[in-house]
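Trainee: What follows is a structure written as structure tokens; I'll ask about it next.
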Amino acid sequence: MNASIWNERQVLFAMHEMQGIGWHTINKAAQRSLMACVAYEAEDWERLDIRPAQARELAARLRPGYAAEREALYRKLGVQIITRLDPTYPEWLRDIPQPPWVLYALGRTELLQGPMMAVVGTRGPTAYGKHMARELSGQLATRGITVVSGLARGIDRCAHEAALTEPGGTIAVLGTPIDTAYPREHTALQRRIGEEGLVLSEYPIGTKCHPGLFPIRNRIISGLSLGTLVIEAAARSGSLITADQALDMNREVFAVPGPANSPKSAGTNAYIRDLKAKLTLGVDDILCELEVPLTAFGGLQTASEEPDEEASSLTAEERRIYRLLQEEPASTDALHAKTGMPFGLLHAVLINLTIKRKIEQHPGSIYCAL
């Protein structure tokens with residue numbers, strides 16, 4: 001790295017680490033080429049409307065060695081610093097509105113260079129929503145797509161857990177500094193993702209946490225990804241912020257349909273109705289739309305391979321119920337007695353099979369195969 005780039009990177013990192021200096025102030029410095037200066041005096045920073053006390057502190061921080069000292073602190077935690085001046089900065093983020101100036105990364109940074117897919121949804125999902133999140137996220141990661149989500153309760157957690165051990169892996173984008181877990185019960189999961197996947201944050205250690213940080217980080221979730229998959233979102237769900245940002249970035253949005261009378265699916269169903277999102281029944285609906293080559297445990301599918309149509313379109317639970325109904329029609333209670341499946345999961349499977357036109361419901365809640 002040459003001296004001018006090193007100086008510029010030092011300034012960028014030092015500004016980003018200072019409380020009270022935001023994205024727009026750093027952008028002004030970049031536009032006026034202040035980050036490429038050799039000497040950094042307080043007066044230089046006051047021209048950016050930075051208060052005199054802050055300007056003096058920033059000038060003091062730019063003494064030789066400050067950036068190296070600060071980065072050493074992060075290295076002790078195993079955290080890598082990725083700035084917009086670094087070649088490892090994710091290309092997909094460079095052209096989004098307000099791309100983060102600095103990313104703090106813990107784990108497998110190579111995941112940032114492969115295909116990624118955002119999976120988001122409600123924090124209070126139904127059994128059907130949890131099932132679909134795990135199923136689709138696991139299949140995406142099995143086929144080499146990295147699942148990106150926000151480590152929130154509900155759908156986010158299901159997506160991370162299903163993808164973590166698969167070839168594509170998972171990335172958790174935090175709304176907190178990288179050394180802080182929120183919610184607290186996700187501490188162990190965040191640690192595990194940092195060891196086996198990747199944890200990302202744009203917030204320096206020491207940043208005070210507040211609710212406003214979470215919607216801001218959503219642009220990173222959608223910005224990293226080829227597309228965004230929404231599973232169970234109410235009419236005013238925060239997950240739709242991520243979906244709207246994806247649309248603004250000209251990225252694809254996919255949505256899993258839910259029951260017409262379910263408030264938790266009102267947002268996703270409306271997006272499908274209004275043609276904002278593509279109806280998604282299975283992982284192939286996503287991969288075919290994105291024209292991503294299907295992989296199985298890291299291997300590309302060749303043209304000569306003939307995938308089993310039923311196996312590729314149905315999950316293991318769906319195949320089990322479908323085969324039982326091929327033998328004879330049955331009620332929900334009868335299927336529960338035969339399989340021992342929890343009623344929530346069984347109901348989700350029956351909805352899925354109905355959507356996929358494998359079964360139909362008759363009066364008396366009797367299901368039969370088509």
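Scheme for the structure tokens: letters A, B, ... for chains in order shown; per-chain residue numbers from 1; ligand numbers from 1 in order shown.
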Taking only residues of stretch 143-188 of chain A that have an atom at most 12 Å from an atom of stretch 223-239 of chain A, what is each one's shortest atom pair and its distance in Å to one decimal, using only C-alpha atoms, in chain and number order, as a tab-separated table?
Mentor:
```
residue	atom	partner	partner_atom	distance
A:Ile145	CA	A:Leu226	CA	9.7
A:Thr146	CA	A:Ser225	CA	8.8
A:Val147	CA	A:Ser225	CA	8.6
A:Val148	CA	A:Ser225	CA	7.4
A:Ser149	CA	A:Thr228	CA	9.6
A:Gly150	CA	A:Ser239	CA	10.0
A:Ala152	CA	A:Ser239	CA	10.7
A:Gly154	CA	A:Glu232	CA	10.0
A:Ile155	CA	A:Ile231	CA	7.2
A:Asp156	CA	A:Ile231	CA	9.6
A:Cys158	CA	A:Ile231	CA	10.9
A:Ala159	CA	A:Ile231	CA	10.1
A:Thr170	CA	A:Ser225	CA	11.8
A:Ile171	CA	A:Leu224	CA	9.9
A:Ala172	CA	A:Leu224	CA	11.4
A:Val173	CA	A:Leu224	CA	10.0
```
Trainee: Dump N, CA and C atoms for the selected residues as a PDB file, in the first residue's frame?
Mentor:
```
ATOM      1  N   ILE A 145     -25.057 -20.655  -1.894  1.00  0.00           N
ATOM      2  CA  ILE A 145     -25.456 -19.261  -1.712  1.00  0.00           C
ATOM      3  C   ILE A 145     -25.337 -18.914  -0.231  1.00  0.00           C
ATOM      4  N   THR A 146     -24.624 -17.835   0.073  1.00  0.00           N
ATOM      5  CA  THR A 146     -24.468 -17.397   1.457  1.00  0.00           C
ATOM      6  C   THR A 146     -25.724 -16.656   1.906  1.00  0.00           C
ATOM      7  N   VAL A 147     -26.295 -17.077   3.025  1.00  0.00           N
ATOM      8  CA  VAL A 147     -27.517 -16.467   3.557  1.00  0.00           C
ATOM      9  C   VAL A 147     -27.148 -15.296   4.466  1.00  0.00           C
ATOM     10  N   VAL A 148     -27.703 -14.120   4.167  1.00  0.00           N
ATOM     11  CA  VAL A 148     -27.433 -12.902   4.921  1.00  0.00           C
ATOM     12  C   VAL A 148     -28.693 -12.501   5.686  1.00  0.00           C
ATOM     13  N   SER A 149     -28.548 -12.230   6.981  1.00  0.00           N
ATOM     14  CA  SER A 149     -29.699 -11.777   7.754  1.00  0.00           C
ATOM     15  C   SER A 149     -29.198 -10.922   8.917  1.00  0.00           C
ATOM     16  N   GLY A 150     -30.124 -10.513   9.792  1.00  0.00           N
ATOM     17  CA  GLY A 150     -29.797  -9.521  10.803  1.00  0.00           C
ATOM     18  C   GLY A 150     -29.700 -10.007  12.225  1.00  0.00           C
ATOM     19  N   ALA A 152     -31.796 -11.133  14.234  1.00  0.00           N
ATOM     20  CA  ALA A 152     -32.922 -10.800  15.108  1.00  0.00           C
ATOM     21  C   ALA A 152     -33.634 -12.084  15.520  1.00  0.00           C
ATOM     22  N   GLY A 154     -36.723 -14.795  15.647  1.00  0.00           N
ATOM     23  CA  GLY A 154     -37.668 -15.268  14.654  1.00  0.00           C
ATOM     24  C   GLY A 154     -37.033 -15.746  13.378  1.00  0.00           C
ATOM     25  N   ILE A 155     -37.477 -15.204  12.248  1.00  0.00           N
ATOM     26  CA  ILE A 155     -37.049 -15.665  10.935  1.00  0.00           C
ATOM     27  C   ILE A 155     -35.541 -15.538  10.762  1.00  0.00           C
ATOM     28  N   ASP A 156     -34.960 -14.415  11.214  1.00  0.00           N
ATOM     29  CA  ASP A 156     -33.511 -14.228  11.084  1.00  0.00           C
ATOM     30  C   ASP A 156     -32.755 -15.380  11.729  1.00  0.00           C
ATOM     31  N   CYS A 158     -33.772 -18.426  12.497  1.00  0.00           N
ATOM     32  CA  CYS A 158     -33.989 -19.679  11.765  1.00  0.00           C
ATOM     33  C   CYS A 158     -33.113 -19.745  10.520  1.00  0.00           C
ATOM     34  N   ALA A 159     -33.014 -18.625   9.807  1.00  0.00           N
ATOM     35  CA  ALA A 159     -32.215 -18.587   8.581  1.00  0.00           C
ATOM     36  C   ALA A 159     -30.742 -18.823   8.877  1.00  0.00           C
ATOM     37  N   THR A 170     -23.305 -18.459   6.362  1.00  0.00           N
ATOM     38  CA  THR A 170     -24.208 -17.348   6.680  1.00  0.00           C
ATOM     39  C   THR A 170     -23.432 -16.137   7.179  1.00  0.00           C
ATOM     40  N   ILE A 171     -24.010 -14.953   6.947  1.00  0.00           N
ATOM     41  CA  ILE A 171     -23.454 -13.682   7.409  1.00  0.00           C
ATOM     42  C   ILE A 171     -24.511 -12.989   8.256  1.00  0.00           C
ATOM     43  N   ALA A 172     -24.126 -12.582   9.467  1.00  0.00           N
ATOM     44  CA  ALA A 172     -25.014 -11.825  10.345  1.00  0.00           C
ATOM     45  C   ALA A 172     -24.580 -10.363  10.333  1.00  0.00           C
ATOM     46  N   VAL A 173     -25.471  -9.474   9.910  1.00  0.00           N
ATOM     47  CA  VAL A 173     -25.192  -8.037   9.891  1.00  0.00           C
ATOM     48  C   VAL A 173     -25.862  -7.421  11.117  1.00  0.00           C
TER      49      VAL A 173
END
```
Trainee: May I have a table of the residues of stretch 317-355 of chain A lying at most 8 Å from stretch 123-144 of chain A, giving each one's closest pair of atoms and their distance in Å to one decimal, counting only C-alpha atoms, ordered by chain and ascending residue number, as a tab-separated table?
Mentor:
```
residue	atom	partner	partner_atom	distance
A:Gly344	CA	A:Ala127	CA	5.1
A:Leu345	CA	A:Ala127	CA	5.7
A:His347	CA	A:Tyr128	CA	7.3
A:Ala348	CA	A:Tyr128	CA	4.4
A:Val349	CA	A:Tyr128	CA	7.6
```
Trainee: Can you work out the spacing between atom CA of A:Pro177 and atom CA of A:Pro87 in Å, to one decimal?
Mentor: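 Pair atom CA of A:Pro177 / atom CA of A:Pro87 returns 23.0 Å.
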Trainee: Atom CA of A:Asp333 and atom CA of A:Ile366, how far apart in Å?
Mentor: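 The value is 9.6 Å.
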Trainee: So which bits of stretch 198-361 of chain A end up strand (DSSP E) when you DSSP the backbone, as a compact mmCIF listing (two decimals) with C-alpha atoms, in the first residue's frame?
Mentor:
```
# COMPACT_ATOMS: atom_id res chain seq x y z
CA LEU A 198 -19.17 -14.12 9.35
CA VAL A 199 -20.38 -11.35 11.64
CA LEU A 200 -20.43 -7.79 10.25
CA SER A 201 -21.08 -4.36 11.74
CA GLY A 227 -31.90 -10.55 -3.84
CA THR A 228 -34.01 -10.45 -0.69
CA LEU A 229 -36.38 -13.21 0.42
CA VAL A 230 -39.16 -12.17 2.82
CA ILE A 231 -40.89 -14.83 4.93
CA GLU A 252 -34.79 -8.90 -6.83
CA VAL A 253 -37.33 -9.39 -4.05
CA PHE A 254 -38.96 -12.75 -3.34
CA ALA A 255 -41.80 -13.54 -0.93
CA VAL A 256 -43.27 -16.73 0.47
CA LYS A 278 -41.91 -12.80 -6.94
CA LEU A 279 -44.02 -15.59 -5.48
CA THR A 295 -24.88 -26.66 -6.71
CA ALA A 296 -25.06 -29.59 -4.38
CA GLY A 299 -20.51 -29.16 -6.92
CA LEU A 300 -22.06 -27.66 -10.04
CA ALA A 330 -56.89 -38.48 5.60
CA SER A 331 -57.78 -35.79 8.13
CA ILE A 359 -53.01 -32.11 -2.54
CA GLU A 360 -56.41 -30.52 -2.05
CA GLN A 361 -58.65 -30.03 0.93
```
Trainee: Which of stretch 22-248 of chain A end up as helix (DSSP H, G or I) when DSSP is run on this backbone - answer as a PyMOL selection string?
Mentor: chain A and resi 23-31+34-36+42-46+52-61+66-76+91-93+109-113+127-142+155-163+184-196+213-224+239-248
Trainee: Rank nothing, just name the residue among A:Arg319, A:Arg94, A:His336, A:Lys356 nearest to A:Ile220, using only C-alpha atoms.
Mentor: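 Answer, going by the shortest atom-to-atom distance: A:Arg94.
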Trainee: Nearest to A:Met341: which of A:Ile241, A:Ile321, A:Leu213, A:Ala67 is it, counting only C-alpha atoms?
Mentor: A:Ile321
Trainee: Using atom CA of A:Leu314 and atom CA of A:Arg153 as the two end points, give the distance in Å to one decimal.
Mentor: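 Separation of atom CA of A:Leu314 and atom CA of A:Arg153: 26.6 Å.
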Trainee: Would you kindly return, as a PDB file with C-alpha atoms, in the first residue's frame, each protein, DNA or RNA residue with an atom no farther than 9 Å from any atom of stretch 20-28 of chain A, considering only C-alpha atoms and excluding same-chain residues fewer than 4 positions away?
Mentor:
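What follows is the written file part-v6.pdb:
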```pdb
ATOM      1  CA  LEU A  12     -11.107   7.558   6.992  1.00  0.00           C
ATOM      2  CA  MET A  15     -13.098   9.881  11.343  1.00  0.00           C
ATOM      3  CA  HIS A  16     -15.329   6.827  11.384  1.00  0.00           C
ATOM      4  CA  ARG A  32     -12.980  17.918  -0.885  1.00  0.00           C
ATOM      5  CA  SER A  33      -9.987  15.551  -0.961  1.00  0.00           C
ATOM      6  CA  LEU A  34      -9.222  16.323   2.680  1.00  0.00           C
ATOM      7  CA  MET A  35      -8.494  12.662   3.383  1.00  0.00           C
ATOM      8  CA  LEU A  48     -16.625  20.639   7.254  1.00  0.00           C
ATOM      9  CA  ASP A  49     -18.789  22.274   9.952  1.00  0.00           C
ATOM     10  CA  ILE A  50     -17.186  20.111  12.629  1.00  0.00           C
ATOM     11  CA  GLN A  54     -14.123  17.834  17.710  1.00  0.00           C
ATOM     12  CA  GLN A  98     -24.701   5.581   1.528  1.00  0.00           C
ATOM     13  CA  PRO A  99     -22.355   2.575   1.380  1.00  0.00           C
ATOM     14  CA  PRO A 100     -20.657   2.019   4.754  1.00  0.00           C
ATOM     15  CA  TRP A 101     -17.234   3.648   5.002  1.00  0.00           C
TER      16      TRP A 101
END
```
Trainee: For A:Thr88, which residue out of A:Met18, A:Leu174, A:Leu151, A:Leu111 is the nearest one, using only C-alpha atoms?
Mentor: A:Leu111
Trainee: Find the spatial neighbours of stretch 72-86 of chain A, counting only C-alpha atoms, within a cut-off of 7 Å - ignore same-chain residues fewer than 4 positions away - and output them as a list in words.
Mentor: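 So the residues in contact are Arg9, Ala68, Trp101, Val102, Leu103, Tyr104, Ala105 and Leu106 of chain A.
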Trainee: Could you write those residues out with C-alpha atoms, as a PDB file, in the first residue's frame?
Mentor:
```pdb
ATOM      1  CA  ARG A   9      -7.138   5.157   4.975  1.00  0.00           C
ATOM      2  CA  ALA A  68      -2.284   1.214  13.906  1.00  0.00           C
ATOM      3  CA  TRP A 101     -17.234   3.648   5.002  1.00  0.00           C
ATOM      4  CA  VAL A 102     -15.906   0.971   7.334  1.00  0.00           C
ATOM      5  CA  LEU A 103     -16.948  -2.587   8.097  1.00  0.00           C
ATOM      6  CA  TYR A 104     -15.871  -4.552  11.156  1.00  0.00           C
ATOM      7  CA  ALA A 105     -15.695  -8.256  10.284  1.00  0.00           C
ATOM      8  CA  LEU A 106     -15.319 -11.304  12.494  1.00  0.00           C
TER       9      LEU A 106
END
```
Trainee: Using only C-alpha atoms for the distances, tell me which of A:Thr122, A:Ser222, A:Gln10, A:Thr109 is nearest to A:Thr268.
Mentor: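 Closest to A:Thr268 of all the choices is A:Thr122.
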Trainee: Compare A:Ala277, A:Tyr203, A:Gly194, A:Glu46 by their minimum atom-to-atom distance to A:Ala59, counting only C-alpha atoms, and give me the closest one.
Mentor: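 Counting only C-alpha atoms, the residue closest to A:Ala59 is A:Glu46.
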